[in-house]
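Visitor: I am sharing target_15.cif, which consists of mmCIF, N, CA and C atoms:
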data_run
loop_
_atom_site.label_atom_id
_atom_site.label_comp_id
_atom_site.auth_asym_id
_atom_site.auth_seq_id
_atom_site.Cartn_x
_atom_site.Cartn_y
_atom_site.Cartn_z
N MET A 1 18.50 14.36 31.34
CA MET A 1 18.27 15.53 32.16
C MET A 1 18.49 16.80 31.34
N THR A 2 19.47 16.76 30.46
CA THR A 2 19.75 17.93 29.63
C THR A 2 18.57 18.21 28.70
N LEU A 3 17.95 17.15 28.20
CA LEU A 3 16.79 17.33 27.33
C LEU A 3 15.64 17.97 28.09
N LEU A 4 15.44 17.56 29.34
CA LEU A 4 14.38 18.14 30.16
C LEU A 4 14.62 19.63 30.41
N ILE A 5 15.85 19.98 30.69
CA ILE A 5 16.19 21.39 30.90
C ILE A 5 16.00 22.18 29.61
N THR A 6 16.36 21.59 28.49
CA THR A 6 16.18 22.26 27.20
C THR A 6 14.70 22.49 26.90
N VAL A 7 13.87 21.50 27.20
CA VAL A 7 12.43 21.66 26.97
C VAL A 7 11.86 22.75 27.86
N PHE A 8 12.23 22.77 29.13
CA PHE A 8 11.74 23.83 30.02
C PHE A 8 12.24 25.21 29.58
N GLU A 9 13.46 25.27 29.10
CA GLU A 9 13.98 26.54 28.60
C GLU A 9 13.21 26.99 27.36
N LEU A 10 12.89 26.04 26.49
CA LEU A 10 12.11 26.35 25.30
C LEU A 10 10.72 26.85 25.69
N LEU A 11 10.10 26.21 26.69
CA LEU A 11 8.78 26.65 27.14
C LEU A 11 8.83 28.02 27.79
N LEU A 12 9.89 28.28 28.52
CA LEU A 12 9.98 29.55 29.25
C LEU A 12 10.40 30.71 28.35
N LEU A 13 11.40 30.50 27.52
CA LEU A 13 11.95 31.62 26.74
C LEU A 13 11.49 31.63 25.29
N GLY A 14 10.90 30.54 24.82
CA GLY A 14 10.47 30.51 23.43
C GLY A 14 11.56 29.96 22.55
N PRO A 15 11.29 29.86 21.26
CA PRO A 15 12.28 29.26 20.36
C PRO A 15 13.51 30.13 20.15
N PHE A 16 13.39 31.45 20.31
CA PHE A 16 14.53 32.34 20.13
C PHE A 16 14.79 33.05 21.45
N PRO A 17 15.73 32.58 22.28
CA PRO A 17 15.94 33.18 23.60
C PRO A 17 16.75 34.48 23.57
N THR A 18 16.55 35.29 22.54
CA THR A 18 17.28 36.55 22.49
C THR A 18 16.65 37.59 23.40
N GLU A 19 15.36 37.50 23.62
CA GLU A 19 14.70 38.43 24.54
C GLU A 19 14.63 37.79 25.92
N LEU A 20 14.86 38.53 26.95
CA LEU A 20 14.91 37.99 28.29
C LEU A 20 13.55 37.98 28.98
N VAL A 21 12.57 38.64 28.41
CA VAL A 21 11.24 38.66 29.00
C VAL A 21 10.41 37.57 28.33
N PRO A 22 9.99 36.56 29.09
CA PRO A 22 9.24 35.47 28.47
C PRO A 22 7.80 35.91 28.17
N PRO A 23 7.19 35.32 27.18
CA PRO A 23 5.80 35.63 26.89
C PRO A 23 4.91 35.15 28.04
N PRO A 24 3.78 35.80 28.30
CA PRO A 24 2.97 35.47 29.48
C PRO A 24 2.38 34.06 29.44
N GLY A 25 2.08 33.54 28.30
CA GLY A 25 1.52 32.19 28.22
C GLY A 25 2.51 31.11 28.59
N SER A 26 3.79 31.37 28.35
CA SER A 26 4.78 30.33 28.63
C SER A 26 4.96 30.12 30.13
N LEU A 27 4.80 31.18 30.94
CA LEU A 27 4.92 31.03 32.39
C LEU A 27 3.79 30.16 32.93
N ALA A 28 2.58 30.35 32.42
CA ALA A 28 1.45 29.54 32.86
C ALA A 28 1.65 28.08 32.43
N LEU A 29 2.15 27.89 31.22
CA LEU A 29 2.40 26.54 30.74
C LEU A 29 3.50 25.86 31.56
N LEU A 30 4.54 26.61 31.89
CA LEU A 30 5.62 26.06 32.70
C LEU A 30 5.12 25.72 34.09
N ALA A 31 4.26 26.56 34.67
CA ALA A 31 3.71 26.29 36.00
C ALA A 31 2.82 25.04 35.96
N ALA A 32 2.04 24.88 34.91
CA ALA A 32 1.18 23.71 34.80
C ALA A 32 2.00 22.43 34.65
N VAL A 33 3.04 22.48 33.83
CA VAL A 33 3.90 21.31 33.66
C VAL A 33 4.63 20.99 34.96
N GLY A 34 5.09 22.00 35.66
CA GLY A 34 5.77 21.79 36.94
C GLY A 34 4.83 21.21 37.99
N ALA A 35 3.59 21.69 38.03
CA ALA A 35 2.63 21.15 38.99
C ALA A 35 2.29 19.70 38.66
N ALA A 36 2.13 19.39 37.38
CA ALA A 36 1.83 18.01 36.98
C ALA A 36 3.00 17.09 37.34
N LEU A 37 4.21 17.56 37.13
CA LEU A 37 5.38 16.76 37.47
C LEU A 37 5.48 16.55 38.98
N ALA A 38 5.20 17.59 39.76
CA ALA A 38 5.25 17.48 41.22
C ALA A 38 4.17 16.50 41.72
N LEU A 39 2.97 16.56 41.16
CA LEU A 39 1.91 15.63 41.56
C LEU A 39 2.27 14.20 41.19
N TYR A 40 2.90 14.02 40.05
CA TYR A 40 3.32 12.68 39.63
C TYR A 40 4.35 12.11 40.61
N VAL A 41 5.31 12.92 41.01
CA VAL A 41 6.34 12.46 41.95
C VAL A 41 5.72 12.19 43.32
N LEU A 42 4.87 13.10 43.80
CA LEU A 42 4.27 12.91 45.12
C LEU A 42 3.31 11.72 45.13
N HIS A 43 2.64 11.47 44.03
CA HIS A 43 1.74 10.33 43.96
C HIS A 43 2.53 9.02 44.06
N GLY A 44 3.72 9.00 43.51
CA GLY A 44 4.55 7.80 43.58
C GLY A 44 5.16 7.58 44.95
N LEU A 45 5.27 8.62 45.76
CA LEU A 45 5.90 8.51 47.07
C LEU A 45 4.93 8.19 48.19
N ARG A 46 3.62 8.19 47.93
CA ARG A 46 2.66 7.95 49.00
C ARG A 46 2.72 6.48 49.43
N PRO A 47 2.43 6.23 50.69
CA PRO A 47 2.47 4.83 51.15
C PRO A 47 1.33 4.02 50.56
N ARG A 48 1.66 2.80 50.20
CA ARG A 48 0.66 1.91 49.62
C ARG A 48 0.14 0.97 50.70
N PRO A 49 -1.08 0.49 50.56
CA PRO A 49 -1.61 -0.44 51.57
C PRO A 49 -0.83 -1.75 51.56
N VAL A 50 -0.67 -2.33 52.74
CA VAL A 50 0.07 -3.57 52.87
C VAL A 50 -0.83 -4.72 52.44
N ARG A 51 -0.32 -5.58 51.59
CA ARG A 51 -1.10 -6.71 51.12
C ARG A 51 -0.76 -7.95 51.93
N ASP A 52 -1.67 -8.87 51.94
CA ASP A 52 -1.47 -10.13 52.62
C ASP A 52 -0.47 -10.96 51.82
N ALA A 53 0.59 -11.40 52.48
CA ALA A 53 1.64 -12.14 51.79
C ALA A 53 1.13 -13.50 51.30
N ALA A 54 0.23 -14.12 52.07
CA ALA A 54 -0.28 -15.44 51.66
C ALA A 54 -1.11 -15.32 50.39
N THR A 55 -1.90 -14.26 50.28
CA THR A 55 -2.70 -14.06 49.08
C THR A 55 -1.81 -13.83 47.88
N THR A 56 -0.77 -13.02 48.06
CA THR A 56 0.15 -12.74 46.97
C THR A 56 0.89 -14.01 46.53
N ALA A 57 1.30 -14.82 47.51
CA ALA A 57 2.00 -16.06 47.18
C ALA A 57 1.07 -17.04 46.47
N ALA A 58 -0.19 -17.09 46.91
CA ALA A 58 -1.15 -18.00 46.27
C ALA A 58 -1.40 -17.58 44.83
N ARG A 59 -1.52 -16.30 44.60
CA ARG A 59 -1.71 -15.82 43.21
C ARG A 59 -0.50 -16.14 42.35
N ALA A 60 0.70 -15.98 42.92
CA ALA A 60 1.91 -16.26 42.17
C ALA A 60 1.99 -17.75 41.82
N MET A 61 1.65 -18.61 42.77
CA MET A 61 1.69 -20.04 42.48
C MET A 61 0.63 -20.42 41.46
N ARG A 62 -0.55 -19.79 41.52
CA ARG A 62 -1.59 -20.08 40.55
C ARG A 62 -1.16 -19.66 39.15
N ARG A 63 -0.54 -18.47 39.04
CA ARG A 63 -0.05 -18.01 37.74
C ARG A 63 1.02 -18.95 37.20
N ARG A 64 1.92 -19.40 38.07
CA ARG A 64 2.99 -20.29 37.64
C ARG A 64 2.42 -21.62 37.18
N SER A 65 1.43 -22.16 37.91
CA SER A 65 0.86 -23.44 37.49
C SER A 65 0.06 -23.29 36.20
N ASP A 66 -0.50 -22.12 35.95
CA ASP A 66 -1.20 -21.90 34.68
C ASP A 66 -0.24 -21.89 33.50
N ARG A 67 1.00 -21.44 33.73
CA ARG A 67 1.98 -21.38 32.65
C ARG A 67 2.60 -22.74 32.35
N LEU A 68 2.67 -23.63 33.36
CA LEU A 68 3.34 -24.91 33.17
C LEU A 68 2.47 -25.87 32.37
N PRO A 69 3.10 -26.70 31.55
CA PRO A 69 2.30 -27.68 30.80
C PRO A 69 1.86 -28.82 31.72
N VAL A 70 0.82 -29.49 31.34
CA VAL A 70 0.33 -30.63 32.11
C VAL A 70 1.24 -31.82 31.83
N PRO A 71 1.83 -32.40 32.86
CA PRO A 71 2.74 -33.53 32.61
C PRO A 71 1.95 -34.77 32.19
N THR A 72 2.46 -35.42 31.17
CA THR A 72 1.80 -36.64 30.72
C THR A 72 2.34 -37.81 31.53
N LEU A 73 1.49 -38.78 31.79
CA LEU A 73 1.89 -39.95 32.56
C LEU A 73 2.55 -40.95 31.61
N ARG A 74 3.82 -41.23 31.81
CA ARG A 74 4.56 -42.05 30.86
C ARG A 74 4.29 -43.54 31.03
N ASP A 75 4.17 -43.98 32.25
CA ASP A 75 3.98 -45.41 32.48
C ASP A 75 2.82 -45.61 33.45
N PRO A 76 1.60 -45.66 32.93
CA PRO A 76 0.48 -45.78 33.86
C PRO A 76 0.39 -47.16 34.51
N ASP A 77 1.08 -48.17 33.97
CA ASP A 77 1.01 -49.50 34.54
C ASP A 77 2.22 -49.82 35.41
N ALA A 78 2.93 -48.82 35.90
CA ALA A 78 4.11 -49.06 36.72
C ALA A 78 3.68 -49.67 38.05
N ALA A 79 4.64 -50.37 38.69
CA ALA A 79 4.36 -51.02 39.96
C ALA A 79 3.99 -49.98 41.01
N GLY A 80 2.96 -50.28 41.78
CA GLY A 80 2.55 -49.38 42.85
C GLY A 80 1.49 -48.39 42.44
N ARG A 81 1.18 -48.30 41.18
CA ARG A 81 0.13 -47.37 40.73
C ARG A 81 -1.17 -48.13 40.56
N PRO A 82 -2.25 -47.56 41.06
CA PRO A 82 -3.52 -48.25 40.87
C PRO A 82 -3.96 -48.14 39.41
N ARG A 83 -4.53 -49.21 38.92
CA ARG A 83 -4.99 -49.21 37.53
C ARG A 83 -6.32 -48.49 37.46
N PRO A 84 -6.49 -47.64 36.49
CA PRO A 84 -7.78 -46.96 36.36
C PRO A 84 -8.85 -47.95 35.93
N ARG A 85 -9.99 -47.85 36.53
CA ARG A 85 -11.09 -48.75 36.23
C ARG A 85 -12.23 -47.95 35.64
N ALA A 86 -12.83 -48.51 34.64
CA ALA A 86 -13.98 -47.87 34.03
C ALA A 86 -15.20 -48.14 34.90
N PRO A 87 -16.08 -47.15 35.02
CA PRO A 87 -17.29 -47.42 35.81
C PRO A 87 -18.17 -48.42 35.08
N GLY A 88 -18.71 -49.34 35.81
CA GLY A 88 -19.55 -50.36 35.19
C GLY A 88 -20.73 -50.67 36.08
N ALA A 89 -21.30 -51.77 35.84
CA ALA A 89 -22.43 -52.20 36.66
C ALA A 89 -21.95 -52.49 38.07
N ALA A 90 -22.81 -52.29 39.02
CA ALA A 90 -22.46 -52.54 40.42
C ALA A 90 -22.19 -54.03 40.60
N ALA A 91 -21.21 -54.32 41.42
CA ALA A 91 -20.87 -55.71 41.68
C ALA A 91 -22.05 -56.38 42.38
N PRO A 92 -22.30 -57.63 42.05
CA PRO A 92 -23.41 -58.32 42.73
C PRO A 92 -23.10 -58.50 44.21
N ALA A 93 -24.12 -58.39 45.02
CA ALA A 93 -23.92 -58.49 46.46
C ALA A 93 -23.50 -59.92 46.81
N ALA A 94 -22.58 -60.00 47.75
CA ALA A 94 -22.10 -61.32 48.16
C ALA A 94 -23.19 -62.04 48.96
N ARG A 95 -23.39 -63.28 48.68
CA ARG A 95 -24.42 -64.02 49.37
C ARG A 95 -23.88 -64.77 50.52
#
Take the structure in this file and express it as C-alpha cells.
Guide:
Amino acid sequence: MTLLITVFELLLLGPFPTELVPPPGSLALLAAVGAALALYVLHGLRPRPVRDAATTAARAMRRRSDRLPVPTLRDPDAAGRPRPRAPGAAAPAAR
C-alpha cells in the first residue's frame, strides 16, 4: 500500500516534491489511473451469471478422468470374469 501511495505521489507532485503546484499533465494522468482502477474494482464486484452445478460437476469429473492413468487389468483370467473372445466365423446353425 505504501508503494501505491508513493507512486501516486510521484505522479501528482513529480520527482521533486519541493513545489506544491503539480504540473497540469500529472493531474490528468492521475485521474486516468484512478478511473482505470475504479473500473477494475467495479468490474470485479458485478454479479456473475449463475452456472448449472451439474454441468460444472460433469466438467470437473471429465477433467479428473483425463488426468488419471488408465488402469491395467492385472488378472484377466480371474474367476468370474468373462474371457475375451476373438471375432471369428459365425457358429454353424444347430440342426
Visitor: Go through segment 26-66 of chain A residue by residue and, counting all atoms listed in the file, keep those with an atom at most 6.5 Å from segment 5-15 of chain A; for each kept residue give the shortest atom pair and its distance in Å to one decimal, ordered by chain and increasing number, as a Markdown table.
Guide:
| residue | atom | partner | partner_atom | distance |
| --- | --- | --- | --- | --- |
| A:Ser26 | CA | A:Leu11 | C | 4.7 |
| A:Leu27 | N | A:Leu12 | CA | 5.7 |
| A:Leu30 | N | A:Leu11 | C | 6.1 |
Visitor: Could you work out how far atom CA of Thr72 of chain A lies from atom CA of Ala57 of chain A, giving the answer in Å with one decimal?
Guide: 26.4 Å
Visitor: What does the distance from atom N of Leu45 of chain A to atom CA of Val33 of chain A come to in Å, to one decimal?
Guide: 17.6 Å
Visitor: I'd like the interatomic distance between atom CA of Leu4 of chain A and atom N of Leu37 of chain A, to a tenth of an Å.
Guide: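 Going from atom CA of Leu4 of chain A over to atom N of Leu37 of chain A, I get 12.3 Å.
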